[in-house]
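J.: Got a structure for you, upload.cif, holding mmCIF, C-alpha atoms.
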data_input
loop_
_atom_site.label_atom_id
_atom_site.label_comp_id
_atom_site.auth_asym_id
_atom_site.auth_seq_id
_atom_site.Cartn_x
_atom_site.Cartn_y
_atom_site.Cartn_z
CA MET A 1 97.54 74.16 67.00
CA ILE A 2 94.85 75.22 69.49
CA ALA A 3 93.16 78.62 69.37
CA PHE A 4 91.69 79.63 72.73
CA LEU A 5 89.08 82.39 72.39
CA GLY A 6 88.32 84.21 75.61
CA GLN A 7 90.32 84.92 78.72
CA GLY A 8 88.72 86.08 81.97
CA ARG A 9 88.69 84.27 85.31
CA MET A 10 88.36 80.77 83.85
CA GLY A 11 90.05 81.29 80.52
CA VAL A 12 93.44 82.35 81.83
CA PRO A 13 94.15 79.27 83.99
CA MET A 14 92.68 76.93 81.36
CA SER A 15 94.85 78.29 78.54
CA ARG A 16 97.87 78.09 80.83
CA ARG A 17 97.13 74.43 81.52
CA LEU A 18 97.12 73.72 77.80
CA ALA A 19 100.47 75.45 77.32
CA ALA A 20 101.96 73.65 80.34
CA ALA A 21 100.84 70.34 78.82
CA GLY A 22 102.93 71.08 75.73
CA HIS A 23 100.21 72.21 73.34
CA ASP A 24 100.81 75.01 70.85
CA VAL A 25 98.22 77.56 72.01
CA THR A 26 97.18 80.87 70.50
CA THR A 27 95.02 82.91 72.87
CA TRP A 28 92.62 85.64 71.81
CA ARG A 29 90.65 88.24 73.71
CA ARG A 30 88.82 91.42 72.83
CA GLY A 31 90.66 94.69 72.50
CA THR A 32 94.02 93.37 71.31
CA GLY A 33 93.58 94.43 67.70
CA VAL A 34 93.81 90.82 66.48
CA THR A 35 90.66 89.55 64.77
CA ALA A 36 89.03 86.29 65.79
CA ALA A 37 89.44 85.06 62.20
CA ALA A 38 93.19 85.66 62.35
CA ALA A 39 93.44 83.95 65.73
CA VAL A 40 91.85 80.70 64.52
CA GLU A 41 93.62 80.53 61.16
CA GLY A 42 95.45 77.22 60.90
CA ALA A 43 94.05 75.87 64.17
CA ASP A 44 93.05 72.21 64.45
CA LEU A 45 91.05 72.90 67.61
CA VAL A 46 89.23 76.11 68.56
CA ILE A 47 88.09 76.46 72.19
CA THR A 48 85.61 79.15 73.25
CA MET A 49 85.21 80.23 76.88
CA LEU A 50 83.03 83.34 76.86
CA SER A 51 80.37 85.00 78.99
CA ASP A 52 77.04 84.12 77.35
CA PRO A 53 75.32 82.85 74.18
CA ALA A 54 75.41 86.24 72.46
CA ALA A 55 79.16 86.59 73.00
CA VAL A 56 79.82 83.08 71.66
CA ARG A 57 77.72 83.71 68.53
CA GLU A 58 79.41 87.05 67.94
CA VAL A 59 82.96 85.73 68.28
CA LEU A 60 82.43 82.56 66.24
CA THR A 61 80.68 84.54 63.50
CA ALA A 62 83.72 86.79 63.36
CA ALA A 63 85.99 83.72 63.30
CA LEU A 64 84.23 82.00 60.38
CA PRO A 65 86.60 83.24 57.64
CA GLY A 66 89.55 81.67 59.49
CA LEU A 67 88.01 78.25 60.15
CA ARG A 68 89.19 75.52 57.81
CA PRO A 69 87.51 72.18 57.03
CA GLY A 70 88.54 69.58 59.59
CA THR A 71 88.76 72.05 62.47
CA THR A 72 86.79 71.17 65.60
CA VAL A 73 85.21 73.89 67.72
CA VAL A 74 84.92 73.04 71.43
CA GLU A 75 82.39 75.33 73.10
CA MET A 76 83.15 75.37 76.85
CA SER A 77 81.01 78.32 77.99
CA THR A 78 77.65 77.88 79.71
CA ILE A 79 75.14 78.73 76.97
CA GLY A 80 72.50 75.96 77.01
CA PRO A 81 71.55 73.32 74.42
CA GLU A 82 69.44 75.63 72.23
CA ALA A 83 72.40 77.96 71.69
CA VAL A 84 74.62 74.96 70.89
CA ARG A 85 72.20 73.90 68.17
CA GLU A 86 72.29 77.44 66.77
CA LEU A 87 76.08 77.22 66.61
CA ARG A 88 75.86 73.98 64.67
CA ALA A 89 73.71 75.75 62.09
CA LEU A 90 76.16 78.67 62.01
CA LEU A 91 79.34 76.65 61.46
CA PRO A 92 80.23 75.14 58.08
CA ALA A 93 79.47 71.44 57.64
CA GLY A 94 83.19 70.62 57.47
CA VAL A 95 83.84 72.10 60.93
CA GLY A 96 83.14 69.83 63.91
CA LEU A 97 81.45 70.99 67.10
CA VAL A 98 81.60 69.67 70.66
CA ASP A 99 79.87 71.26 73.64
CA ALA A 100 81.95 70.84 76.80
CA PRO A 101 81.00 73.21 79.66
CA VAL A 102 82.72 72.63 82.97
CA LEU A 103 81.82 72.22 86.62
CA GLY A 104 84.25 73.98 88.92
CA SER A 105 85.67 77.45 89.41
CA VAL A 106 89.01 79.24 89.22
CA GLY A 107 90.90 76.99 91.66
CA PRO A 108 90.01 73.69 89.95
CA ALA A 109 90.70 75.32 86.56
CA ALA A 110 94.25 76.09 87.66
CA GLU A 111 94.70 72.64 89.21
CA GLY A 112 93.23 70.70 86.29
CA SER A 113 90.47 69.20 88.43
CA LEU A 114 87.38 70.49 86.61
CA THR A 115 84.60 68.16 85.52
CA VAL A 116 84.15 68.49 81.76
CA LEU A 117 80.62 67.72 80.53
CA ALA A 118 81.05 66.78 76.88
CA GLY A 119 78.50 66.24 74.16
CA GLY A 120 79.03 65.59 70.48
CA ASP A 121 79.47 63.02 67.72
CA GLY A 122 82.04 60.27 68.27
CA PRO A 123 84.63 61.47 65.73
CA ASP A 124 84.47 65.05 67.00
CA LEU A 125 84.85 63.93 70.61
CA ALA A 126 87.75 61.67 69.67
CA ARG A 127 89.63 64.62 68.17
CA CYS A 128 89.48 66.63 71.39
CA ARG A 129 89.39 63.95 74.10
CA GLU A 130 93.08 64.22 74.98
CA VAL A 131 92.98 68.00 75.11
CA LEU A 132 89.89 68.07 77.31
CA SER A 133 91.54 65.70 79.79
CA VAL A 134 94.09 68.45 80.53
CA PHE A 135 91.31 70.34 82.32
CA GLY A 136 90.16 67.45 84.52
CA THR A 137 87.75 64.51 84.39
CA VAL A 138 85.86 64.22 81.10
CA ARG A 139 82.34 62.82 81.13
CA GLU A 140 81.07 61.97 77.64
CA LEU A 141 77.32 62.38 77.91
CA GLY A 142 75.87 61.79 74.47
CA PRO A 143 75.08 63.72 71.29
CA LEU A 144 75.68 67.40 70.65
CA GLY A 145 73.97 69.54 73.30
CA ALA A 146 74.08 66.87 76.01
CA GLY A 147 76.90 68.58 77.87
CA ALA A 148 75.20 71.97 77.76
CA ALA A 149 71.92 70.49 79.02
CA MET A 150 73.68 68.63 81.83
CA LYS A 151 75.46 71.81 82.97
CA LEU A 152 72.21 73.75 83.30
CA ALA A 153 70.48 70.81 84.99
CA VAL A 154 73.20 70.73 87.65
CA MET A 155 73.21 74.51 88.12
CA ASN A 156 69.43 74.42 88.56
CA ALA A 157 70.14 72.49 91.75
CA LEU A 158 73.42 73.98 93.03
CA VAL A 159 72.63 77.68 92.64
CA PRO A 160 69.12 77.65 94.18
CA ALA A 161 70.50 75.56 97.05
CA GLN A 162 72.91 78.37 97.93
CA VAL A 163 70.13 80.95 97.73
CA LEU A 164 68.03 78.70 100.00
CA LEU A 165 70.87 78.54 102.51
CA ALA A 166 71.20 82.33 102.40
CA GLU A 167 67.51 82.56 103.32
CA THR A 168 68.04 79.95 106.04
CA LEU A 169 70.77 82.10 107.60
CA ALA A 170 68.55 85.19 107.35
CA TYR A 171 65.69 83.36 109.07
CA GLY A 172 68.01 82.21 111.84
CA GLU A 173 69.33 85.71 112.40
CA ALA A 174 65.80 87.15 112.52
CA HIS A 175 64.78 84.60 115.17
CA GLY A 176 67.83 84.74 117.41
CA VAL A 177 69.40 81.45 116.25
CA ASP A 178 73.12 81.32 117.04
CA ARG A 179 74.92 81.54 113.69
CA GLU A 180 77.76 79.15 114.54
CA GLU A 181 75.37 76.62 116.05
CA LEU A 182 73.31 76.78 112.87
CA PHE A 183 76.39 76.05 110.76
CA GLY A 184 77.23 73.20 113.10
CA VAL A 185 73.80 71.64 112.65
CA LEU A 186 73.88 72.14 108.87
CA ALA A 187 77.32 70.52 108.72
CA ALA A 188 75.74 67.20 109.69
CA THR A 189 73.22 67.38 106.84
CA PRO A 190 73.61 66.80 103.08
CA LEU A 191 73.79 70.60 102.71
CA GLY A 192 76.82 70.90 104.96
CA ALA A 193 79.46 71.45 102.26
CA LEU A 194 77.41 74.16 100.55
CA ALA A 195 76.61 75.83 103.86
CA GLU A 196 80.31 76.04 104.66
CA ARG A 197 80.82 78.13 101.51
CA LEU A 198 78.45 80.76 102.87
CA ARG A 199 79.98 80.90 106.34
CA VAL A 200 82.50 83.52 105.16
CA PRO A 201 81.67 84.94 101.69
CA ALA A 202 84.65 84.60 99.35
CA ALA A 203 86.80 87.73 99.04
CA GLU A 204 87.95 86.60 95.59
CA THR A 205 85.32 85.99 92.93
CA ARG A 206 85.39 82.32 91.93
CA TYR A 207 81.91 82.11 90.41
CA SER A 208 80.33 85.51 90.02
CA LEU A 209 76.81 86.28 91.14
CA ALA A 210 76.11 87.69 87.66
CA HIS A 211 77.13 84.40 86.03
CA ALA A 212 74.95 82.47 88.48
CA ALA A 213 72.00 84.69 87.56
CA LYS A 214 72.75 84.15 83.87
CA ASP A 215 72.89 80.38 84.33
CA LEU A 216 69.45 80.37 85.94
CA GLU A 217 68.09 82.71 83.28
CA LEU A 218 69.13 80.06 80.77
CA GLY A 219 68.08 77.05 82.79
CA ALA A 220 65.00 77.95 84.84
CA TRP A 221 62.09 76.99 82.60
CA GLU A 222 58.56 78.31 82.99
CA GLY A 223 57.02 76.61 85.98
CA ALA A 224 60.37 75.94 87.68
CA SER A 225 59.25 77.54 90.93
CA VAL A 226 62.40 77.03 93.03
CA ALA A 227 64.91 77.94 90.33
CA GLY A 228 62.69 80.83 89.26
CA ALA A 229 62.58 82.27 92.77
CA ALA A 230 66.34 81.90 93.12
CA ARG A 231 66.79 83.62 89.77
CA ALA A 232 64.72 86.59 91.00
CA ARG A 233 66.84 86.83 94.16
CA LEU A 234 70.04 86.87 92.10
CA GLN A 235 68.67 89.42 89.63
CA GLU A 236 67.80 91.63 92.58
CA ALA A 237 71.33 91.31 93.99
CA ARG A 238 72.85 91.94 90.57
CA ALA A 239 70.78 95.12 90.20
CA ALA A 240 72.06 96.20 93.61
CA GLY A 241 75.61 96.14 92.27
CA LEU A 242 76.77 92.70 93.47
CA GLY A 243 77.14 91.10 90.04
CA GLU A 244 80.93 90.93 90.07
CA ARG A 245 81.05 89.58 93.62
CA ASP A 246 81.28 85.88 94.34
CA LEU A 247 77.93 84.05 94.52
CA THR A 248 78.43 83.64 98.27
CA ALA A 249 77.71 87.38 98.61
CA ILE A 250 74.05 86.43 98.29
CA ALA A 251 74.05 85.53 102.01
CA ALA A 252 74.70 89.09 103.19
CA HIS A 253 72.30 90.50 100.59
CA VAL A 254 69.41 88.25 101.61
CA GLY A 255 70.19 88.78 105.28
CA GLY A 256 69.78 92.52 104.93
CA HIS A 257 66.66 92.13 102.80
CA ARG A 258 64.79 89.56 104.89
CA ALA A 259 62.03 91.91 106.01
CA GLY A 260 61.13 92.65 102.41
CA THR A 261 61.23 96.44 102.88
CA ARG A 262 64.96 97.07 103.18
CA ALA A 263 66.20 99.91 101.00
CA VAL A 264 68.14 98.35 98.11
CA PRO A 265 70.44 100.73 96.19
CA LEU A 266 70.44 100.20 92.43
CA ASN A 267 73.34 101.21 90.20
CA LEU A 268 72.89 100.30 86.57
CA ALA A 269 75.62 99.54 84.05
CA THR A 270 73.39 101.04 81.31
CA VAL A 271 73.41 104.47 82.96
CA PRO A 272 76.44 106.79 83.38
CA ALA A 273 78.11 106.00 86.70
CA THR A 274 77.49 108.20 89.71
CA ASN A 275 80.25 110.11 91.49
CA GLY A 276 80.06 107.69 94.42
CA MET A 277 78.03 110.03 96.60
CA TYR A 278 74.63 108.62 95.60
CA SER A 279 72.98 105.68 93.80
CA HIS A 280 70.94 105.89 90.62
CA ALA A 281 67.86 104.70 92.52
CA VAL A 282 66.77 102.93 95.68
CA ARG A 283 63.98 100.39 95.85
CA ALA A 284 62.05 99.93 99.10
CA GLY A 285 59.42 97.25 98.76
CA ASP A 286 57.32 98.12 95.71
CA THR A 287 58.41 101.76 95.63
CA LEU A 288 61.32 103.06 93.57
CA TYR A 289 63.02 106.36 94.43
CA VAL A 290 65.06 107.72 91.51
CA SER A 291 67.84 110.20 92.20
CA GLY A 292 68.03 113.45 90.29
CA VAL A 293 68.81 112.63 86.66
CA ALA A 294 70.82 115.18 84.70
CA ALA A 295 72.30 115.29 81.20
CA PHE A 296 75.85 114.00 81.40
CA ASP A 297 77.59 111.11 79.66
CA GLU A 298 79.86 108.23 80.78
CA GLN A 299 82.87 110.58 80.99
CA GLY A 300 80.96 113.11 83.10
CA ARG A 301 80.63 115.58 80.24
CA ILE A 302 77.44 117.58 79.73
CA VAL A 303 75.22 116.38 76.88
CA GLY A 304 73.48 119.04 74.78
CA GLU A 305 75.11 122.01 76.48
CA GLY A 306 72.98 125.12 76.07
CA SER A 307 69.95 123.22 74.72
CA MET A 308 67.00 122.51 77.01
CA THR A 309 65.50 120.21 74.36
CA ALA A 310 68.67 118.12 73.98
CA GLN A 311 69.25 117.85 77.72
CA SER A 312 65.61 116.93 78.34
CA GLU A 313 65.78 114.17 75.71
CA HIS A 314 68.88 112.71 77.36
CA VAL A 315 67.35 112.87 80.84
CA TYR A 316 64.19 111.05 79.81
CA GLN A 317 66.16 108.39 77.92
CA VAL A 318 68.14 107.68 81.10
CA ILE A 319 64.93 107.58 83.16
CA GLU A 320 63.47 105.13 80.66
CA ARG A 321 66.41 102.75 81.21
CA ILE A 322 66.12 102.96 84.99
CA LEU A 323 62.40 102.24 84.88
CA ALA A 324 62.83 99.36 82.42
CA ASP A 325 65.43 97.74 84.67
CA GLN A 326 62.73 97.36 87.31
CA GLY A 327 60.02 96.25 84.90
CA ALA A 328 58.32 99.66 85.03
CA GLY A 329 57.43 102.39 82.54
CA PHE A 330 56.49 106.06 82.52
CA GLY A 331 52.90 105.15 83.39
CA ASP A 332 54.12 103.87 86.79
CA ILE A 333 55.51 107.24 87.89
CA ALA A 334 53.67 108.45 91.00
CA PHE A 335 55.52 111.74 91.47
CA ILE A 336 57.97 113.72 89.34
CA ARG A 337 59.93 116.78 90.37
CA THR A 338 61.79 118.95 87.88
CA TYR A 339 64.43 121.58 88.65
CA LEU A 340 64.99 124.17 85.89
CA THR A 341 67.65 126.87 85.84
CA ASP A 342 65.40 128.98 83.59
CA MET A 343 61.64 128.77 83.95
CA ASP A 344 61.28 130.53 80.59
CA ALA A 345 62.56 127.30 78.98
CA ARG A 346 59.82 125.17 80.55
CA ALA A 347 57.91 124.94 77.26
CA GLU A 348 60.91 123.27 75.56
CA HIS A 349 61.19 120.82 78.43
CA GLY A 350 57.44 120.23 78.47
CA ALA A 351 57.41 119.32 74.78
CA VAL A 352 59.95 116.58 75.41
CA ARG A 353 58.27 115.39 78.61
CA ARG A 354 54.95 114.94 76.81
CA LYS A 355 56.62 112.56 74.34
CA TYR A 356 57.47 110.21 77.22
CA ILE A 357 54.74 110.81 79.78
CA THR A 358 51.43 110.42 77.97
CA GLY A 359 47.89 110.16 79.22
CA THR A 360 46.95 111.38 82.70
CA PRO A 361 50.10 112.93 84.21
CA PRO A 362 51.51 111.95 87.62
CA ALA A 363 51.73 114.26 90.63
CA SER A 364 54.33 116.87 89.70
CA THR A 365 56.36 119.83 90.92
CA THR A 366 58.51 122.14 88.81
CA VAL A 367 60.78 124.70 90.44
CA GLU A 368 63.35 127.20 89.23
CA VAL A 369 66.78 127.09 90.83
CA SER A 370 69.76 129.41 90.46
CA ARG A 371 72.14 126.60 89.53
CA LEU A 372 72.63 122.82 89.56
CA PHE A 373 75.59 120.75 90.72
CA MET A 374 77.50 121.07 87.44
CA PRO A 375 77.85 124.34 85.51
CA GLY A 376 75.99 124.09 82.21
CA LEU A 377 73.25 121.76 83.38
CA LEU A 378 69.82 123.17 82.65
CA LEU A 379 67.57 120.66 84.42
CA GLU A 380 67.44 117.76 86.85
CA VAL A 381 64.54 115.35 87.39
CA ASP A 382 63.84 113.02 90.32
CA LEU A 383 61.00 110.52 90.66
CA ILE A 384 58.96 108.30 92.92
CA VAL A 385 57.67 105.22 91.11
CA ALA A 386 55.06 102.62 92.10
CA LEU A 387 56.54 99.39 90.77
CA PRO A 388 54.16 97.01 88.99
CA SER A 389 52.93 94.13 91.11
CA ARG A 390 55.00 90.92 90.94
CA VAL A 391 57.93 92.74 89.35
CA THR A 392 61.12 90.73 89.00
CA PRO A 393 63.68 93.04 90.55
CA GLY A 394 66.72 93.69 88.37
CA GLY A 395 65.16 91.74 85.49
CA ARG A 396 66.54 92.14 81.95
#
In structure tokens, how does this file's structure come out?

T.:
Amino acid sequence: MIAFLGQGRMGVPMSRRLAAAGHDVTTWRRGTGVTAAAAVEGADLVITMLSDPAAVREVLTAALPGLRPGTTVVEMSTIGPEAVRELRALLPAGVGLVDAPVLGSVGPAAEGSLTVLAGGDGPDLARCREVLSVFGTVRELGPLGAGAAMKLAVMNALVPAQVLLAETLAYGEAHGVDREELFGVLAATPLGALAERLRVPAAETRYSLAHAAKDLELGAWEGASVAGAARARLQEARAAGLGERDLTAIAAHVGGHRAGTRAVPLNLATVPATNGMYSHAVRAGDTLYVSGVAAFDEQGRIVGEGSMTAQSEHVYQVIERILADQGAGFGDIAFIRTYLTDMDARAEHGAVRRKYITGTPPASTTVEVSRLFMPGLLLEVDLIVALPSRVTPGGR
């Protein structure tokens, strides 16, 4: 029996290929009420296809009670060789481990034409070789971790190349180069196939921009100037809300940002969503403009109703997350404006503010208003922030 842990864009077609090939497959995903340990119980082979190293560690840790001696775990996510070695230390000695990330996206996964980059000991690879061939061409690359290292090495070339082409298109547009002629010239170069991908950004997400950023965050080592610059571009686009779009969306993003001062809206997953009428913040060059922050939660309910202290605490915690997303802190605030519905409560607000804004205060304005946009809100705070030099936009 095969236990397949993780669904998503790649997991669904891959698990379907296994079932179509006649394998007995149990699939698991979060939120079904079935534990990972129960899903892997009795399995000869456990396949993981998850988002990142933390998710793989979390799920396999939860699965440990169900793993029996003789089971082989095949880790097919993109997590890097260091994380693979951590998994080997996590798993019992009697459980085998193979790292086998893939090259290819949703279409090849459905067609069974992926390239599987496998690393592991001979006996472990032998136990899963036939199963891996269901997904496409299997390349056995060496000891444990070899597949994970190969995947990141390849992505360190393919992803920055697409960012480079996005910048090429932006340069051409800025200098009056005919777009179709540019694609025609690129078609005759070694970059032609990649350039064609960017001609019309994919409507369906095959390889998300967020996953591309994650792959470079894993693979771009210190001193890797090209991959590092591409990583920063992708982090910037992810922070602007393009993470779930296909990587080819980087072309339009870079095209609009080529002058370096374009206003880039930022909408953070770590902050309660807006109502669609504004963005959490907008970055223009090295200046960050933060929209009015008020005390409401993810469901749009007021936090700390009736308490200026509680609402102020919530507001400054949200501000802290917005600043941290751009590599900034409270000391980088240039101007802060506070709207209070009751000026008599300014001392309560001030006590909280002084916990977060220490030292010499920024330029500031505090005004009393009759009401705010939601009944029950007692304050709203907006900011102008001077971002630190050489900030990595959207960095985590």

J.: Running the PyMOL selection byres ((chain A and resi 303) around 10) on this model by hand, what would come out? Give it as a PyMOL selection string.

T.: chain A and resi 294-297+300-302+304-307+310-315+376-377

J.: Run through the PyMOL selection byres ((chain A and resi 55) around 12) on the given coordinates and return the selected residues as a count of residues only.

T.: 24

J.: Take atom CA of A:Glu181 and atom CA of A:Ala251 and report the distance between them in Å, one decimal.

T.: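 Atom CA of A:Ala251 lies at a distance of 16.7 Å from atom CA of A:Glu181.
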
J.: Can you measure atom CA of A:Gln162 to atom CA of A:Leu387 for me? One decimal in Å is fine.

T.: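 We find that atom CA of A:Gln162 and atom CA of A:Leu387 lie 27.6 Å from each other.
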
J.: Take atom CA of A:Val290 and atom CA of A:Ala174 and report the distance between them in Å, one decimal.

T.: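 Separation between atom CA of A:Val290 and atom CA of A:Ala174: 29.4 Å.
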
J.: Could you list, as a PDB file with C-alpha atoms, in the frame of the given file, every residue within 8 Å of stretch 144-149 of chain A, counting all atoms listed in the file and ignoring same-chain residues fewer than 6 positions away?

T.:
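Generated file (part02.pdb):
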ATOM      1  CA  THR A  78      77.650  77.880  79.710  1.00  0.00           C
ATOM      2  CA  ILE A  79      75.140  78.730  76.970  1.00  0.00           C
ATOM      3  CA  GLY A  80      72.500  75.960  77.010  1.00  0.00           C
ATOM      4  CA  PRO A  81      71.550  73.320  74.420  1.00  0.00           C
ATOM      5  CA  GLU A  82      69.440  75.630  72.230  1.00  0.00           C
ATOM      6  CA  VAL A  84      74.620  74.960  70.890  1.00  0.00           C
ATOM      7  CA  ARG A  85      72.200  73.900  68.170  1.00  0.00           C
ATOM      8  CA  LEU A  97      81.450  70.990  67.100  1.00  0.00           C
ATOM      9  CA  VAL A  98      81.600  69.670  70.660  1.00  0.00           C
ATOM     10  CA  ASP A  99      79.870  71.260  73.640  1.00  0.00           C
ATOM     11  CA  ALA A 100      81.950  70.840  76.800  1.00  0.00           C
ATOM     12  CA  PRO A 101      81.000  73.210  79.660  1.00  0.00           C
ATOM     13  CA  LEU A 117      80.620  67.720  80.530  1.00  0.00           C
ATOM     14  CA  ALA A 118      81.050  66.780  76.880  1.00  0.00           C
ATOM     15  CA  GLY A 119      78.500  66.240  74.160  1.00  0.00           C
ATOM     16  CA  GLY A 120      79.030  65.590  70.480  1.00  0.00           C
ATOM     17  CA  ASP A 121      79.470  63.020  67.720  1.00  0.00           C
TER      18      ASP A 121
END

J.: Using the chain letters and residue numbers of this document, give as an MDAnalysis selection string the residues selected by the PyMOL selection byres ((chain A and resi 261-274) around 9).

T.: chainID A and resid 236:241 256:260 275:286 296:300 318 321:322 325 394

J.: Pull C-alpha atoms from the residues just selected and write them as a short mmCIF file (atom, residue, chain, number, x, y, z; two decimals), in the coordinates of the input.

T.:
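Contents of result_8.cif, freshly written:
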data_model
loop_
_atom_site.label_atom_id
_atom_site.label_comp_id
_atom_site.auth_asym_id
_atom_site.auth_seq_id
_atom_site.Cartn_x
_atom_site.Cartn_y
_atom_site.Cartn_z
CA GLU A 236 67.80 91.63 92.58
CA ALA A 237 71.33 91.31 93.99
CA ARG A 238 72.85 91.94 90.57
CA ALA A 239 70.78 95.12 90.20
CA ALA A 240 72.06 96.20 93.61
CA GLY A 241 75.61 96.14 92.27
CA GLY A 256 69.78 92.52 104.93
CA HIS A 257 66.66 92.13 102.80
CA ARG A 258 64.79 89.56 104.89
CA ALA A 259 62.03 91.91 106.01
CA GLY A 260 61.13 92.65 102.41
CA ASN A 275 80.25 110.11 91.49
CA GLY A 276 80.06 107.69 94.42
CA MET A 277 78.03 110.03 96.60
CA TYR A 278 74.63 108.62 95.60
CA SER A 279 72.98 105.68 93.80
CA HIS A 280 70.94 105.89 90.62
CA ALA A 281 67.86 104.70 92.52
CA VAL A 282 66.77 102.93 95.68
CA ARG A 283 63.98 100.39 95.85
CA ALA A 284 62.05 99.93 99.10
CA GLY A 285 59.42 97.25 98.76
CA ASP A 286 57.32 98.12 95.71
CA PHE A 296 75.85 114.00 81.40
CA ASP A 297 77.59 111.11 79.66
CA GLU A 298 79.86 108.23 80.78
CA GLN A 299 82.87 110.58 80.99
CA GLY A 300 80.96 113.11 83.10
CA VAL A 318 68.14 107.68 81.10
CA ARG A 321 66.41 102.75 81.21
CA ILE A 322 66.12 102.96 84.99
CA ASP A 325 65.43 97.74 84.67
CA GLY A 394 66.72 93.69 88.37
#

J.: Nearest to A:Ala153: which of A:Ala347, A:Asp342, A:Leu103, A:Gly31 is it, counting all atoms listed in the file?

T.: A:Leu103

J.: Nearest residue to A:Thr137 out of A:Met150, A:Ile384, A:Leu114, A:Gly359, using only C-alpha atoms?

T.: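 Among the listed residues, A:Leu114 lies closest to A:Thr137.
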
J.: Within 8 Å of stretch 192-211 of chain A, which residues of stretch 61-134 of chain A come that close, and what is the closest atom pair and distance in Å for each? Count only C-alpha atoms and give it as a Markdown table.

T.:
| residue | atom | partner | partner_atom | distance |
| --- | --- | --- | --- | --- |
| A:Ser105 | CA | A:Arg206 | CA | 5.5 |
| A:Val106 | CA | A:Arg206 | CA | 5.5 |
| A:Gly107 | CA | A:Arg206 | CA | 7.7 |

J.: Tell me which of A:Ala126, A:Ser133, A:Thr366, A:His253 sits closest to A:Ser113, counting only C-alpha atoms.

T.: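 Under the stated criterion, the closest residue is A:Ser133.
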